[in-house]
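Structure first, commentary second.
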Amino acid sequence: MPGNRPIVLIGPMAVGKSAIAHELAKRLDVPYVDTDGLIVEAHGSIPSIFAGRGEHAFREIEARTVAGAVEHAEVTPSIISLGGGAVLDSGTQQILSRCTVVYLECDAETVASRIARNSGRPLLAGDAMARWSALFATRKPVYERLADLVMDVRHGSITELGHRLELALREYAAAKQEVEN
Ligand SMILES: Nc1ncnc2c1ncn2[C@@H]1O[C@H](COP(=O)(O)OP(=O)(O)O)[C@@H](O)[C@H]1O
Ligand SMILES: O=C(O)C1=C[C@@H](OP(=O)(O)O)[C@@H](O)[C@H](O)C1
Ligand SMILES: [Mg+2]
């Protein structure tokens with residue numbers, strides 16, 4: 001693992017957090033943890049949680065799940081991908097200060113085809129592109145504030161981006177180590 005902190009990927013919906021985290025974990029041969037995946041395992045599908053219990057209940061479950069995943073990753077180094085809105089919780093923001101946080105930077109054009117065939121993301125119901133852009137506008141400053149590293153994911157395959165992220169994390173960890181010595 002580059003560095004000694006859990007590595008957490010953040011960013012808006014459909015930028016590739018889950019896919020790139022999975023690819024990076026394979027490359028580093030460490031466990032991959034997707035907090036949405038944990039939520040679905042324990043509570044059922046995300047649309048069913050939103051429909052049955054509401055977004056507020058989802059956010060509470062999400063905050064607890066992220067806290068558990070980070071605590072686990074502090075013992076067993078892992079790569080964690082969050083859902084796009086997880087960073088809005090203030091407790092989660094505090095927990096992320098113990099992690100190496102990577103913000104995957106993207107634009108509406110790149111995610112357009114991915115969200116056009118959207119299913120499973122309740123917050124994109126209706127005009128998915130307009131919803132995505134509105135959420136991104138309000139969340140962008142939070143992503144930027146929490147990020148230790150920013151990676152542009154507008155170009156490249158998931159494999160290429162996993163490789164690029166590994167190199168960026170190694171460089172970041174080496175620079176940090178130098179400052180600490
Ligand atoms: N760089 C990429 N190139 C091609 N497809 C991608 C890329 N990044 C993500 N995808 C695809 O876009 C969809 C959304 O990716 P996902 O990892 O679920 O995003 P997120 O977790 O950020 O919402 C998936 O089908 C994924 O395979
Ligand atoms: O941005 C959001 O508020 C959400 C993002 C989704 O995860 P992805 O970012 O992995 O799509 C999922 O957690 C849920 O639908 C809510
Ligand atoms: Mg995801």
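Identifiers for the structure tokens are assigned positionally: chains receive A, B, ... in sequence, residues are indexed from 1 per chain, and ligands are indexed from 1 in the order shown.
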
task = Would you mind listing the residues within 10 Å of ligand 3, counting only C-alpha atoms and all ligand atoms, as a PyMOL selection string?
result = chain A and resi 9-21+34-37+81-84+121

Include C-alpha atoms and write out the residues we just selected as a PDB file, in the first residue's frame.
ATOM      1  CA  LEU A   9     -12.158   7.403  -3.491  1.00  0.00           C
ATOM      2  CA  ILE A  10     -14.727  10.211  -3.610  1.00  0.00           C
ATOM      3  CA  GLY A  11     -16.516  12.117  -6.368  1.00  0.00           C
ATOM      4  CA  PRO A  12     -19.885  12.437  -8.063  1.00  0.00           C
ATOM      5  CA  MET A  13     -22.066   9.621  -9.347  1.00  0.00           C
ATOM      6  CA  ALA A  14     -20.799   7.511 -12.254  1.00  0.00           C
ATOM      7  CA  VAL A  15     -17.259   8.944 -12.431  1.00  0.00           C
ATOM      8  CA  GLY A  16     -15.850   5.466 -11.771  1.00  0.00           C
ATOM      9  CA  LYS A  17     -15.223   5.412  -8.000  1.00  0.00           C
ATOM     10  CA  SER A  18     -16.339   1.794  -7.589  1.00  0.00           C
ATOM     11  CA  ALA A  19     -14.720   0.529 -10.797  1.00  0.00           C
ATOM     12  CA  ILE A  20     -11.369   2.307 -10.287  1.00  0.00           C
ATOM     13  CA  ALA A  21     -11.199   1.367  -6.576  1.00  0.00           C
ATOM     14  CA  ASP A  34     -17.486  -0.391  -1.729  1.00  0.00           C
ATOM     15  CA  THR A  35     -19.628   1.162   1.007  1.00  0.00           C
ATOM     16  CA  ASP A  36     -22.740   1.022  -1.225  1.00  0.00           C
ATOM     17  CA  GLY A  37     -22.009  -2.681  -1.708  1.00  0.00           C
ATOM     18  CA  SER A  81     -15.063   3.619  -2.674  1.00  0.00           C
ATOM     19  CA  LEU A  82     -17.835   5.786  -1.238  1.00  0.00           C
ATOM     20  CA  GLY A  83     -21.192   6.753  -2.731  1.00  0.00           C
ATOM     21  CA  GLY A  84     -21.209  10.244  -4.224  1.00  0.00           C
ATOM     22  CA  ARG A 121     -29.485   5.787  -8.514  1.00  0.00           C
TER      23      ARG A 121
END

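Summary of the local environment: counting only C-alpha atoms, residues at most 12 Å from Ser119 of chain A, other than itself and those fewer than 4 positions away along its chain, are A:Met13, A:Ala14, A:Ser45, A:Ile46, A:Pro47, A:Arg114, A:Ile115, A:Leu123, A:Leu124, A:Ala125, A:Gly126, A:Ala128.
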
What would the file look like if the residues just selected were written as a JSON list (two decimals), in the first residue's frame with N, CA and C atoms?
[["chain", "number", "residue", "atom", "x", "y", "z"],
["A", 13, "MET", "N", -21.55, 10.89, -8.83],
["A", 13, "MET", "CA", -22.07, 9.62, -9.35],
["A", 13, "MET", "C", -21.53, 9.33, -10.74],
["A", 14, "ALA", "N", -21.15, 8.07, -10.94],
["A", 14, "ALA", "CA", -20.80, 7.51, -12.25],
["A", 14, "ALA", "C", -19.43, 7.94, -12.79],
["A", 45, "SER", "N", -31.48, -3.29, -1.79],
["A", 45, "SER", "CA", -31.04, -2.37, -2.85],
["A", 45, "SER", "C", -31.20, -0.90, -2.42],
["A", 46, "ILE", "N", -30.37, -0.04, -3.02],
["A", 46, "ILE", "CA", -30.44, 1.39, -2.69],
["A", 46, "ILE", "C", -31.81, 1.98, -3.07],
["A", 47, "PRO", "N", -32.35, 1.70, -4.27],
["A", 47, "PRO", "CA", -33.70, 2.23, -4.55],
["A", 47, "PRO", "C", -34.74, 1.77, -3.53],
["A", 114, "ARG", "N", -23.24, 7.19, -19.39],
["A", 114, "ARG", "CA", -23.36, 6.25, -18.25],
["A", 114, "ARG", "C", -24.66, 6.49, -17.48],
["A", 115, "ILE", "N", -24.99, 7.76, -17.29],
["A", 115, "ILE", "CA", -26.19, 8.02, -16.47],
["A", 115, "ILE", "C", -27.47, 7.99, -17.30],
["A", 123, "LEU", "N", -31.43, 9.34, -6.92],
["A", 123, "LEU", "CA", -31.31, 10.81, -7.00],
["A", 123, "LEU", "C", -31.21, 11.30, -8.44],
["A", 124, "LEU", "N", -31.07, 10.38, -9.40],
["A", 124, "LEU", "CA", -31.01, 10.80, -10.80],
["A", 124, "LEU", "C", -32.32, 10.55, -11.53],
["A", 125, "ALA", "N", -33.37, 10.23, -10.78],
["A", 125, "ALA", "CA", -34.68, 9.99, -11.41],
["A", 125, "ALA", "C", -35.15, 11.25, -12.12],
["A", 126, "GLY", "N", -35.81, 11.09, -13.26],
["A", 126, "GLY", "CA", -36.27, 12.23, -14.06],
["A", 126, "GLY", "C", -35.20, 12.61, -15.06],
["A", 128, "ALA", "N", -31.84, 12.94, -15.68],
["A", 128, "ALA", "CA", -30.61, 12.49, -14.99],
["A", 128, "ALA", "C", -29.47, 13.50, -15.14]]

task = Please identify which residues in chain A DSSP calls alpha helix (DSSP H) from the backbone, and express them as a PyMOL selection string.
result = chain A and resi 17-28+35-43+46-75+90-96+108-116+128-146+158-180

query = Of the residues A:Ile7, A:Ala42, A:Cys99, A:Leu135, which is the one nearest to ligand 2, using only C-alpha atoms and all ligand atoms?
reply = A:Leu135

Please provide the set of residues having any atom within 12 Å of Glu71 of chain A, restricted to only C-alpha atoms, with same-chain residues fewer than 6 positions apart removed, written as a PDB file with N, CA and C atoms, in the first residue's frame.
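What landed in out_13.pdb:
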ATOM      1  N   ARG A   5      -2.279   4.901   5.346  1.00  0.00           N
ATOM      2  CA  ARG A   5      -3.671   5.221   5.674  1.00  0.00           C
ATOM      3  C   ARG A   5      -4.604   4.514   4.699  1.00  0.00           C
ATOM      4  N   PRO A   6      -5.857   4.297   5.130  1.00  0.00           N
ATOM      5  CA  PRO A   6      -6.845   3.772   4.179  1.00  0.00           C
ATOM      6  C   PRO A   6      -6.946   4.725   2.982  1.00  0.00           C
ATOM      7  N   ILE A   7      -7.119   4.163   1.796  1.00  0.00           N
ATOM      8  CA  ILE A   7      -7.266   4.977   0.586  1.00  0.00           C
ATOM      9  C   ILE A   7      -8.748   5.009   0.215  1.00  0.00           C
ATOM     10  N   ARG A  64     -22.709   5.288   9.127  1.00  0.00           N
ATOM     11  CA  ARG A  64     -22.230   4.182   9.984  1.00  0.00           C
ATOM     12  C   ARG A  64     -21.371   3.206   9.183  1.00  0.00           C
ATOM     13  N   THR A  65     -21.787   2.955   7.956  1.00  0.00           N
ATOM     14  CA  THR A  65     -21.066   1.998   7.105  1.00  0.00           C
ATOM     15  C   THR A  65     -19.675   2.520   6.751  1.00  0.00           C
ATOM     16  N   PRO A  77      -5.244  -2.928   5.628  1.00  0.00           N
ATOM     17  CA  PRO A  77      -5.186  -1.939   4.549  1.00  0.00           C
ATOM     18  C   PRO A  77      -6.093  -2.312   3.383  1.00  0.00           C
ATOM     19  N   SER A  78      -6.923  -1.363   2.958  1.00  0.00           N
ATOM     20  CA  SER A  78      -7.903  -1.627   1.907  1.00  0.00           C
ATOM     21  C   SER A  78      -8.131  -0.367   1.079  1.00  0.00           C
ATOM     22  N   ILE A  80     -11.175   1.841  -0.482  1.00  0.00           N
ATOM     23  CA  ILE A  80     -12.602   2.041  -0.225  1.00  0.00           C
ATOM     24  C   ILE A  80     -13.186   3.013  -1.253  1.00  0.00           C
ATOM     25  N   THR A  92     -18.545  11.888   8.778  1.00  0.00           N
ATOM     26  CA  THR A  92     -17.760  11.244   7.711  1.00  0.00           C
ATOM     27  C   THR A  92     -16.587  12.141   7.314  1.00  0.00           C
ATOM     28  N   ILE A  95     -13.875  11.628   9.780  1.00  0.00           N
ATOM     29  CA  ILE A  95     -13.253  10.315   9.619  1.00  0.00           C
ATOM     30  C   ILE A  95     -12.302  10.315   8.415  1.00  0.00           C
ATOM     31  N   LEU A  96     -12.690  11.035   7.365  1.00  0.00           N
ATOM     32  CA  LEU A  96     -11.859  11.061   6.161  1.00  0.00           C
ATOM     33  C   LEU A  96     -10.527  11.780   6.392  1.00  0.00           C
ATOM     34  N   ARG A  98      -8.528  10.976   8.484  1.00  0.00           N
ATOM     35  CA  ARG A  98      -7.554   9.916   8.843  1.00  0.00           C
ATOM     36  C   ARG A  98      -7.173   9.072   7.624  1.00  0.00           C
ATOM     37  N   CYS A  99      -7.631   9.467   6.443  1.00  0.00           N
ATOM     38  CA  CYS A  99      -7.454   8.650   5.234  1.00  0.00           C
ATOM     39  C   CYS A  99      -6.678   9.423   4.166  1.00  0.00           C
TER      40      CYS A  99
END

message = I'd like the neighbourhood of segment 160-170 of chain A as a PyMOL selection string, where a residue qualifies if any of its atoms comes within 10 Å (using only C-alpha atoms), though same-chain residues fewer than 3 positions away should be ignored.
response = chain A and resi 1-3+7+16+19-28+100+102+104+148-157+173-176

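In this comparison, which uses only C-alpha atoms, the residue of A:Gly85, A:Val33, A:Lys140, A:Glu62 approaching Ile49 of chain A most closely is A:Glu62.
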
note = Between A:Val40, A:Ile79, A:Leu88, A:Ala69, smallest distance to Phe136 of chain A by only C-alpha atoms belongs to A:Leu88

note = One residue among A:Gly52, A:Pro141, A:Gly120, A:Gly68 is nearest to ligand 2 when using only C-alpha atoms and all ligand atoms, and that residue is A:Gly120

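Within 10 Å of Gly91 of chain A, once only C-alpha atoms are used and residues closer than 6 positions along the same chain are dropped, the contacting residues are Ala63, Arg64, Val66 and Ala67 of chain A.
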
ask   = Quick one: DSSP strand (DSSP E or B) residues in segment 14-157 of chain A, as a PyMOL selection string?
value = chain A and resi 32-34+79-81+100-105+149-152

query = What does the distance from atom CA of Ile61 of chain A to atom 13 (O, counted along the ligand's line) of ligand 2 come to in Å, to one decimal?
reply = 10.8 Å

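Between atom 1 (O, counted along the ligand's line) of ligand 2 and atom CA of Arg59 of chain A the separation is 10.6 Å.
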
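Minimum distance to Ala116 of chain A across A:Phe50, A:Tyr143, A:Trp132, A:Tyr103 (counting only C-alpha atoms) occurs at A:Trp132.
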
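Considering the residues A:Ser113, A:Asn181, A:Ser97, A:Ser133 and counting only C-alpha atoms and all ligand atoms, ligand 1 has its shortest atom-to-atom contact with A:Ser113.
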